[in-house]
Structures are given as structure tokens and as C-alpha cells.
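> So that you have it, the file is model_9.tsv, and it contains TSV, C-alpha atoms:
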chain	number	residue	atom	x	y	z
A	105	MET	CA	-168.86	12.64	38.10
A	106	ASP	CA	-172.53	13.49	38.35
A	107	THR	CA	-174.51	16.02	36.27
A	108	TYR	CA	-173.66	18.89	38.63
A	109	ASP	CA	-169.91	18.16	38.38
A	110	TRP	CA	-170.05	18.12	34.58
A	111	LEU	CA	-172.06	21.33	34.40
A	112	LEU	CA	-169.74	23.10	36.85
A	113	PHE	CA	-166.62	21.85	35.06
A	114	LEU	CA	-167.88	23.05	31.64
A	115	HIS	CA	-169.05	26.38	33.13
A	116	MET	CA	-165.65	26.89	34.79
A	117	THR	CA	-163.85	25.93	31.56
A	118	GLY	CA	-165.82	28.69	29.86
A	119	ALA	CA	-164.94	31.16	32.63
A	120	PHE	CA	-161.22	30.30	32.34
A	121	LEU	CA	-161.42	30.79	28.56
A	122	VAL	CA	-163.13	34.19	28.99
A	123	LEU	CA	-160.85	35.62	31.68
A	124	GLY	CA	-157.73	33.91	30.35
A	125	GLY	CA	-158.61	35.20	26.88
A	126	ALA	CA	-159.13	38.70	28.28
A	127	VAL	CA	-155.66	38.59	29.87
A	128	MET	CA	-154.17	37.36	26.57
A	129	ALA	CA	-155.93	40.12	24.64
A	130	GLY	CA	-154.66	42.63	27.21
A	131	VAL	CA	-151.06	41.45	26.67
A	132	PHE	CA	-151.28	41.81	22.87
A	133	ASN	CA	-153.21	45.11	22.89
A	134	PHE	CA	-150.88	46.68	25.47
A	135	ALA	CA	-147.84	45.57	23.43
A	136	ALA	CA	-149.40	46.99	20.23
A	137	LEU	CA	-149.92	50.36	21.96
A	138	ARG	CA	-146.16	50.61	22.53
A	139	ARG	CA	-145.13	49.85	18.93
A	140	GLU	CA	-144.88	52.18	15.93
A	141	ARG	CA	-144.12	49.93	12.95
A	142	PRO	CA	-147.39	48.98	11.24
A	143	SER	CA	-146.20	45.41	10.51
A	144	GLU	CA	-145.55	44.80	14.22
A	145	ILE	CA	-148.91	46.27	15.23
A	146	ALA	CA	-150.69	44.17	12.57
A	147	LEU	CA	-148.95	41.02	13.82
A	148	LEU	CA	-149.88	41.68	17.46
A	149	PHE	CA	-153.52	42.29	16.52
A	150	LYS	CA	-153.45	39.10	14.45
A	151	LEU	CA	-152.22	37.17	17.52
A	152	ALA	CA	-155.00	38.79	19.59
A	153	ARG	CA	-157.51	36.94	17.39
A	154	VAL	CA	-156.59	33.74	19.29
A	155	ALA	CA	-157.70	35.51	22.48
A	156	VAL	CA	-160.90	36.74	20.81
A	157	ALA	CA	-161.74	33.16	19.75
A	158	ALA	CA	-161.13	31.91	23.33
A	159	ILE	CA	-163.36	34.66	24.74
A	160	GLY	CA	-166.12	33.87	22.20
A	161	VAL	CA	-166.16	30.14	22.99
A	162	GLY	CA	-165.91	30.88	26.73
A	163	MET	CA	-168.82	33.33	26.64
A	164	VAL	CA	-171.09	30.68	25.06
A	165	LEU	CA	-169.96	27.98	27.54
A	166	THR	CA	-170.44	30.23	30.59
A	167	LEU	CA	-173.96	31.23	29.51
A	168	VAL	CA	-175.22	27.79	28.44
A	169	PHE	CA	-173.79	25.84	31.38
A	170	GLY	CA	-174.39	28.71	33.83
A	171	LEU	CA	-178.12	28.66	33.01
A	172	ALA	CA	-178.10	24.85	33.24
A	173	LEU	CA	-176.46	25.11	36.68
A	174	VAL	CA	-179.05	27.61	37.93
A	175	HIS	CA	-181.75	25.12	36.86
A	176	ASP	CA	-179.92	22.05	38.22
A	177	VAL	CA	-179.07	23.51	41.63
A	178	GLY	CA	-182.43	25.23	41.99
A	179	TYR	CA	-181.25	28.83	42.40
A	180	GLY	CA	-184.08	31.30	41.82
A	181	TRP	CA	-184.05	32.98	38.39
A	182	GLY	CA	-184.83	36.30	40.08
A	183	GLN	CA	-181.92	36.22	42.54
A	184	THR	CA	-179.87	39.41	42.50
A	185	TRP	CA	-176.56	37.81	41.50
A	186	VAL	CA	-178.16	35.74	38.70
A	187	VAL	CA	-179.90	38.78	37.17
A	188	LEU	CA	-176.82	41.01	37.61
A	189	ALA	CA	-174.55	38.37	36.07
A	190	LEU	CA	-176.81	38.06	33.01
A	191	VAL	CA	-176.97	41.86	32.58
A	192	LEU	CA	-173.18	42.16	32.93
A	193	TRP	CA	-172.72	39.24	30.46
A	194	VAL	CA	-174.70	41.24	27.86
A	195	VAL	CA	-172.76	44.45	28.70
A	196	ALA	CA	-169.38	42.66	28.39
A	197	ASN	CA	-170.40	41.21	25.03
A	198	ALA	CA	-171.65	44.57	23.75
A	199	LEU	CA	-168.48	46.42	24.83
A	200	GLY	CA	-166.25	43.63	23.47
A	201	GLY	CA	-168.18	43.48	20.20
A	202	ILE	CA	-167.96	47.23	19.52
A	203	GLY	CA	-164.30	47.32	20.64
A	204	GLY	CA	-163.54	44.29	18.47
A	205	ARG	CA	-164.93	45.98	15.35
A	206	ARG	CA	-162.72	49.03	15.94
A	207	GLU	CA	-159.77	46.71	16.56
A	208	LYS	CA	-160.39	44.94	13.23
A	209	GLN	CA	-160.38	48.29	11.40
A	210	THR	CA	-157.12	49.25	13.12
A	211	ARG	CA	-155.56	45.91	12.13
A	212	GLN	CA	-156.66	46.37	8.52
A	213	LEU	CA	-155.14	49.88	8.50
A	214	ALA	CA	-151.90	48.51	9.99
A	215	GLU	CA	-151.77	45.74	7.35
A	216	ARG	CA	-152.29	48.28	4.55
A	217	LEU	CA	-149.58	50.59	5.93
A	218	ALA	CA	-147.21	47.61	6.37
A	219	GLY	CA	-147.61	46.86	2.66
A	220	GLU	CA	-146.94	50.50	1.72
A	221	GLY	CA	-143.45	50.87	3.20
A	222	ASP	CA	-144.05	49.95	6.86
A	223	MET	CA	-143.35	53.49	8.09
A	224	PRO	CA	-144.80	54.80	11.40
A	225	SER	CA	-148.11	56.58	10.80
A	226	ARG	CA	-149.80	59.29	12.84
A	227	GLU	CA	-153.23	58.02	11.79
A	228	LEU	CA	-152.43	54.52	13.12
A	229	THR	CA	-151.00	55.86	16.39
A	230	GLU	CA	-154.10	58.02	16.92
A	231	ARG	CA	-156.38	55.03	16.27
A	232	LEU	CA	-154.39	52.93	18.75
A	233	ARG	CA	-154.61	55.59	21.44
A	234	ASP	CA	-158.25	56.47	20.72
A	235	PRO	CA	-159.78	56.89	24.20
A	236	VAL	CA	-163.14	55.42	23.06
A	237	TRP	CA	-161.48	52.19	21.87
A	238	LEU	CA	-159.35	52.00	25.02
A	239	ALA	CA	-162.42	52.52	27.23
A	240	LEU	CA	-164.38	49.81	25.35
A	241	SER	CA	-161.47	47.39	25.42
A	242	TRP	CA	-160.51	47.79	29.09
A	243	GLY	CA	-164.14	48.35	30.12
A	244	SER	CA	-165.19	44.92	28.88
A	245	GLU	CA	-162.32	43.36	30.86
A	246	VAL	CA	-163.40	45.16	34.05
A	247	VAL	CA	-166.97	43.89	33.53
A	248	ILE	CA	-165.67	40.31	33.13
A	249	VAL	CA	-163.80	40.59	36.46
A	250	ALA	CA	-166.99	41.98	38.04
A	251	ILE	CA	-168.92	38.91	36.79
A	252	LEU	CA	-166.29	36.63	38.39
A	253	ALA	CA	-166.64	38.52	41.70
A	254	LEU	CA	-170.45	38.13	41.50
A	255	MET	CA	-170.20	34.39	40.82
A	256	ILE	CA	-168.03	33.90	43.91
A	257	TRP	CA	-169.77	36.38	46.22
A	258	LYS	CA	-173.36	35.51	45.14
A	259	PRO	CA	-175.02	38.48	46.89
A	260	GLY	CA	-178.66	37.84	47.82
A	261	THR	CA	-178.37	34.07	48.30
L	213	MET	CA	-155.29	41.07	55.06
L	214	MET	CA	-158.25	43.01	56.50
L	215	VAL	CA	-160.04	42.66	53.17
L	216	CYS	CA	-160.16	38.85	53.73
L	217	PHE	CA	-162.43	39.44	56.71
L	218	VAL	CA	-164.54	42.25	55.18
L	219	VAL	CA	-165.32	40.90	51.67
L	220	PRO	CA	-167.08	37.51	51.65
L	221	ASN	CA	-165.13	34.75	49.84
L	222	PHE	CA	-162.29	37.15	49.06
L	223	ARG	CA	-159.77	34.31	49.46
L	224	VAL	CA	-161.56	32.21	46.82
L	225	PHE	CA	-161.78	35.24	44.52
L	226	LEU	CA	-158.05	35.84	44.89
L	227	HIS	CA	-157.27	32.19	44.12
L	228	VAL	CA	-159.61	31.88	41.11
L	229	PHE	CA	-158.66	35.28	39.67
L	230	GLY	CA	-154.96	34.40	39.98
L	231	ALA	CA	-155.53	31.01	38.34
L	232	MET	CA	-157.46	32.54	35.43
L	233	ALA	CA	-154.81	35.25	34.92
L	234	LEU	CA	-152.14	32.52	35.05
L	235	VAL	CA	-153.94	30.54	32.32
L	236	GLY	CA	-154.19	33.72	30.22
L	237	GLY	CA	-150.52	34.58	30.77
L	238	VAL	CA	-149.28	31.08	29.91
L	239	GLY	CA	-151.67	31.02	26.93
L	240	ALA	CA	-150.19	34.31	25.67
L	241	LEU	CA	-146.68	32.87	26.20
L	242	ALA	CA	-147.61	29.77	24.18
L	243	VAL	CA	-149.05	31.86	21.32
L	244	LEU	CA	-145.95	34.11	21.34
L	245	SER	CA	-143.57	31.14	21.32
L	246	PHE	CA	-145.36	29.55	18.32
L	247	ALA	CA	-145.36	32.92	16.55
L	248	THR	CA	-141.62	33.39	17.28
L	249	ARG	CA	-140.97	30.19	15.34
L	250	SER	CA	-143.34	30.89	12.47
L	251	ARG	CA	-142.49	34.61	12.03
L	252	PRO	CA	-138.67	34.88	12.07
L	253	ASP	CA	-138.93	38.44	10.68
L	254	HIS	CA	-140.44	39.49	14.05
L	255	SER	CA	-138.72	36.97	16.34
L	256	VAL	CA	-136.83	39.65	18.31
L	257	LEU	CA	-140.04	41.49	19.23
L	258	LEU	CA	-142.01	38.31	19.94
L	259	SER	CA	-139.34	36.65	22.10
L	260	ARG	CA	-138.89	39.83	24.17
L	261	LEU	CA	-142.64	40.10	24.62
L	262	ALA	CA	-142.77	36.44	25.71
L	263	PHE	CA	-140.21	37.08	28.45
L	264	ARG	CA	-141.96	40.29	29.58
L	265	THR	CA	-145.27	38.40	29.70
L	266	PHE	CA	-143.60	35.82	31.94
L	267	LEU	CA	-142.23	38.50	34.28
L	268	LEU	CA	-145.20	40.87	34.41
L	269	VAL	CA	-148.19	38.51	34.04
L	270	VAL	CA	-147.32	34.84	34.63
L	271	LEU	CA	-145.19	35.21	37.79
L	272	PRO	CA	-147.50	37.70	39.60
L	273	ALA	CA	-150.54	35.59	38.65
L	274	PHE	CA	-148.87	32.45	40.00
L	275	ILE	CA	-148.12	34.22	43.31
L	276	VAL	CA	-151.71	35.53	43.63
L	277	MET	CA	-153.13	32.07	42.80
L	278	ARG	CA	-150.83	30.24	45.24
L	279	VAL	CA	-151.31	32.74	48.11
L	280	GLY	CA	-155.09	32.59	47.54
L	281	ALA	CA	-154.97	28.76	47.60
L	282	GLN	CA	-153.08	28.71	50.90
L	283	LEU	CA	-155.50	31.21	52.48
L	284	VAL	CA	-158.48	29.05	51.40
L	285	VAL	CA	-156.90	25.78	52.64
L	286	ASP	CA	-155.88	27.37	55.98
L	287	LYS	CA	-159.44	28.59	56.54
L	288	GLU	CA	-161.50	25.70	55.14
L	289	TYR	CA	-159.33	22.65	55.85
L	290	PRO	CA	-156.90	23.43	58.71
L	291	GLY	CA	-154.66	20.39	59.08
L	292	ASN	CA	-156.81	17.95	57.02
L	293	ALA	CA	-156.87	18.95	53.37
L	294	PRO	CA	-158.82	16.49	51.16
L	295	GLY	CA	-157.17	14.57	48.30
L	296	TRP	CA	-158.29	16.88	45.49
L	297	VAL	CA	-156.45	19.77	47.16
L	298	GLY	CA	-153.31	17.64	46.73
L	299	VAL	CA	-153.81	17.61	42.94
L	300	GLY	CA	-153.64	21.40	43.00
L	301	PHE	CA	-150.46	21.33	45.08
L	302	ILE	CA	-148.91	18.74	42.73
L	303	VAL	CA	-149.48	21.12	39.82
L	304	THR	CA	-148.33	24.25	41.66
L	305	GLU	CA	-145.28	22.94	43.52
L	306	PRO	CA	-143.45	20.59	41.12
L	307	GLY	CA	-145.11	22.71	38.43
L	308	LEU	CA	-143.14	25.67	39.77
L	309	ILE	CA	-139.97	23.96	38.49
L	310	VAL	CA	-141.51	23.83	35.01
L	311	LEU	CA	-142.56	27.46	35.37
L	312	ILE	CA	-139.02	28.49	36.38
L	313	ALA	CA	-137.67	26.53	33.39
L	314	ILE	CA	-140.11	28.41	31.15
L	315	GLY	CA	-138.87	31.71	32.60
L	316	VAL	CA	-135.18	30.84	32.13
L	317	ILE	CA	-135.77	29.63	28.55
L	318	ALA	CA	-137.87	32.73	27.75
L	319	PHE	CA	-135.04	34.94	29.09
L	320	MET	CA	-132.34	33.11	27.10
L	321	SER	CA	-134.51	33.04	23.98
L	322	SER	CA	-135.10	36.80	24.19
L	323	ARG	CA	-131.35	37.39	24.60
L	324	ARG	CA	-130.72	35.39	21.41
L	325	GLY	CA	-133.42	37.16	19.43
L	326	GLY	CA	-135.87	34.27	19.50
L	327	SER	CA	-133.91	32.07	17.13
L	328	GLY	CA	-132.86	28.45	17.58
L	329	ARG	CA	-133.98	25.57	19.77
L	330	LEU	CA	-134.89	27.72	22.77
L	331	ALA	CA	-137.98	29.06	20.98
L	332	THR	CA	-138.96	25.47	20.16
L	333	ALA	CA	-138.47	24.40	23.79
L	334	LEU	CA	-140.71	27.26	24.91
L	335	ALA	CA	-143.34	26.27	22.34
L	336	VAL	CA	-143.35	22.75	23.84
L	337	LEU	CA	-143.19	23.61	27.57
L	338	ALA	CA	-145.83	26.37	27.66
L	339	PRO	CA	-148.67	24.16	26.28
L	340	ILE	CA	-147.62	21.31	28.63
L	341	TYR	CA	-147.91	23.66	31.62
L	342	LEU	CA	-151.25	24.90	30.28
L	343	LEU	CA	-152.46	21.29	30.15
L	344	ALA	CA	-151.33	20.75	33.78
L	345	LEU	CA	-153.30	23.85	34.80
L	346	GLY	CA	-156.33	22.37	33.01
L	347	ILE	CA	-156.00	19.16	35.06
L	348	ALA	CA	-155.74	21.20	38.28
L	349	MET	CA	-158.84	23.17	37.25
L	350	TRP	CA	-160.71	19.88	36.69
L	351	ALA	CA	-159.67	18.61	40.14
L	352	MET	CA	-160.57	21.89	41.88
L	353	THR	CA	-163.98	21.98	40.17
L	354	THR	CA	-165.13	18.36	40.44
L	355	LYS	CA	-163.32	17.58	43.73
L	356	PRO	CA	-162.82	13.84	43.03
L	357	GLY	CA	-162.84	11.62	46.10
Would you write out, as C-alpha cells, the structure that this file holds?

Amino acid sequence: MDTYDWLLFLHMTGAFLVLGGAVMAGVFNFAALRRERPSEIALLFKLARVAVAAIGVGMVLTLVFGLALVHDVGYGWGQTWVVLALVLWVVANALGGIGGRREKQTRQLAERLAGEGDMPSRELTERLRDPVWLALSWGSEVVIVAILALMIWKPGT
Amino acid sequence: MMVCFVVPNFRVFLHVFGAMALVGGVGALAVLSFATRSRPDHSVLLSRLAFRTFLLVVLPAFIVMRVGAQLVVDKEYPGNAPGWVGVGFIVTEPGLIVLIAIGVIAFMSSRRGGSGRLATALAVLAPIYLLALGIAMWAMTTKPG
């Protein structure tokens, strides 16, 4: 394996961690939306932390080895798909970061309610179905898919 | 099928997107199967969710990945696929047997409330399949030979 192979393999590993992690997070978040018992919701959000860790590691790998690939292959730094991918990378991280903070607060609320009798709560249900959180959560996943499409299509090359 | 001719590299997108969703689905299944064992108080919920993840995420993702792979091979290598393509087929075709076994075990485990050896079997098989997908990803990326 030469340098290019290694860089591509590590970049792709990162991409699999990001998109695979996004799918995992989607599974746990969607399941949490359909539950009412706080202990179940807290558990599902706790499991989603595995996905968040995968996405975090993947985001770093895709950026570091993606930039190294652009340098190694000799793509222009100003090419449309390179610039767009970097912008979307920042957008996906921003949306995921804000959504993740709201998710952490919801998990903490669910854990507190689970310890206080584990009865369904209107406050928790409203937080789970908060349209802002849903838009941030699903929005970041759509942006990640858009980055994948850009990487394969490479418009402007 | 028209979209294959209109959108550049749509076949590759389909294949890669399916593969990534498959990795995510199997990863979720693995996490759920470990959690089923470690959280017996929620094993009914977790085992049901594992089976639903298999049905609604893993199987569709496998189909998208495999159809995408065939479309790419038919276009790029008609009749003379290189060796590294074979690694992918080794993982997807005999791997399908492992995937079916995962589905059957997930179904039986959910019927039994996630208790017993079935949950353990799922916790062993799902990471093995994930590892096989990792090997296929390595072969597809580095194209050895």
C-alpha cells in the first residue's frame, strides 16, 4: 500500500464512522421518540453516546486525511467540491453540536424522572418532540449525506 | 433506473451509501445486543429494537449496497472483474448467510424477551459481521492486486 492508499483508507474509515454513526444515532433517537417511560428514554440516549463517539472520531479522520488527500493528489484548494465539502463539514458539526447539547439535557431530565418514579412526563415528551431539536438532529444527518454525494460526484473537477 | 444515467456516479453513491448505512445498522444491532445482556431490566425493549433495526435498517441497506455494487461492476468491469471486487463478493454472498443467521437469532431473541443464549449469540455474531464489512471496505478502498 502506498501513501495514497493509506490516506484514502483512513479517510474512508472516518466517513464510515460518521455516516454509520449517524445511522446508529438515528435508530436510537427514533426509538426514544416512540417511548414514554423516562428510564427507557434515558437508556436509549445513553446508547446513542456510542454513535456520538463514532461520529466525533470519524469527523476528525475525514477532515485530517481528506485535507492530506487533497494535498497528495494535487486537487486545487479552491475547487468547488473541496470548498463546499469543508463548509458543509463545519455546518454538520455546528448542527450536531447544538443538537447534541439539547440531547444531553433531555437525557439528564429523563434520568432524573426515572429516579423519581419513572412515570411518563409531558415535559419530557415535549422536549423529545421539540421541532428545533428534531430539525438540528435530522438536519445534520442530511448534511452528512450531502457531503458523501459531493465526495463521489466532485462537481467542478 | 433513469437516475443512473442522469446523476454522475449515482451507482457508486448508491453502493457506498448502502454500505455505510449497513455498517451503522449492524453497529446499532451490536450495541443493542450488548445492552440486552447488560441491562436485563430493559431486555424486552432492547431485543425488540434489535430485531426491528435488522428488518428496517440492516436488510434494506444490504439490498441497496448489493444492488449498487452490481450496477458498478456491470458498468465498469463487464465480464472481467478484478480480484479486489471478489473480496467484496466474498463478504456479501457467504456473508449473507451470517446476516440471515443474525436476523433469525434477533427474531427468536425478541420473542423470548432478550434473555438467554440467543442474546449472547447476537452479541458475538454482529461484531464479527462488522469486522467482515471492515475488511471489505479495506479491499474496496485500497484495491489490492
> Using all atoms listed in the file and a distance of at most 6 Å, pull out the residues of chain A that contact chain L, as a PDB file with C-alpha atoms, keeping the file's coordinate frame.

ATOM      1  CA  ASP A 109    -169.910  18.160  38.380  1.00  0.00           C
ATOM      2  CA  PHE A 113    -166.620  21.850  35.060  1.00  0.00           C
ATOM      3  CA  PHE A 120    -161.220  30.300  32.340  1.00  0.00           C
ATOM      4  CA  LEU A 123    -160.850  35.620  31.680  1.00  0.00           C
ATOM      5  CA  GLY A 124    -157.730  33.910  30.350  1.00  0.00           C
ATOM      6  CA  GLY A 125    -158.610  35.200  26.880  1.00  0.00           C
ATOM      7  CA  VAL A 127    -155.660  38.590  29.870  1.00  0.00           C
ATOM      8  CA  MET A 128    -154.170  37.360  26.570  1.00  0.00           C
TER       9      MET A 128
END
> What's the 9 Å shell around range 258-260 of chain A, counting only C-alpha atoms, without same-chain residues fewer than 2 positions away, as a count of residues only?
8
> What does the distance from CA of Leu240 in chain A to CA of Ala146 in chain A come to in Å, to one decimal?
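Calculated distance between CA of Leu240 in chain A and CA of Ala146 in chain A is 19.6 Å.
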> Go through A:Asp176, A:Leu192, A:Val236, A:Gly162 one by one, measure the shortest atom-to-atom distance of each to Asp106 in chain A using only C-alpha atoms, and give the residue with the smallest value.
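Comparing A:Asp176, A:Leu192, A:Val236, A:Gly162 against Asp106 in chain A, the winner is A:Asp176.
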> Given only C-alpha atoms as the basis, pick out the residue of A:Gly178, A:Arg206, A:Ala135, A:Ala152 nearest to Thr261 in chain A.
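Of all the options, A:Gly178 lies closest to Thr261 in chain A.
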> Smallest atom-to-atom distance to Gln212 in chain A: which of A:Leu114, A:Val156, A:Glu245, A:Leu228, using only C-alpha atoms?
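Smallest separation from Gln212 in chain A among the options: A:Leu228.
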> Between CA of Val161 in chain A and CA of Ala273 in chain L, what is the distance, to one decimal in Å?
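Going from CA of Val161 in chain A over to CA of Ala273 in chain L covers 22.8 Å.
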> Find the residue from L:Arg329, L:His227, L:Arg278, L:Arg323 that sits nearest to Phe301 in chain L; use only C-alpha atoms when measuring.
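The shortest atom-to-atom distance to Phe301 in chain L comes from L:Arg278.
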> Which is closest to Ala198 in chain A among A:Ala218, A:Ser241, A:Leu213, A:Gly170, if we use all atoms listed in the file?
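The closest residue to Ala198 in chain A is A:Ser241.
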> Which distance in Å separates CA of Ala158 in chain A and CA of Ala129 in chain A, to one decimal?
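One can read the CA of Ala158 in chain A to CA of Ala129 in chain A distance as 9.8 Å.
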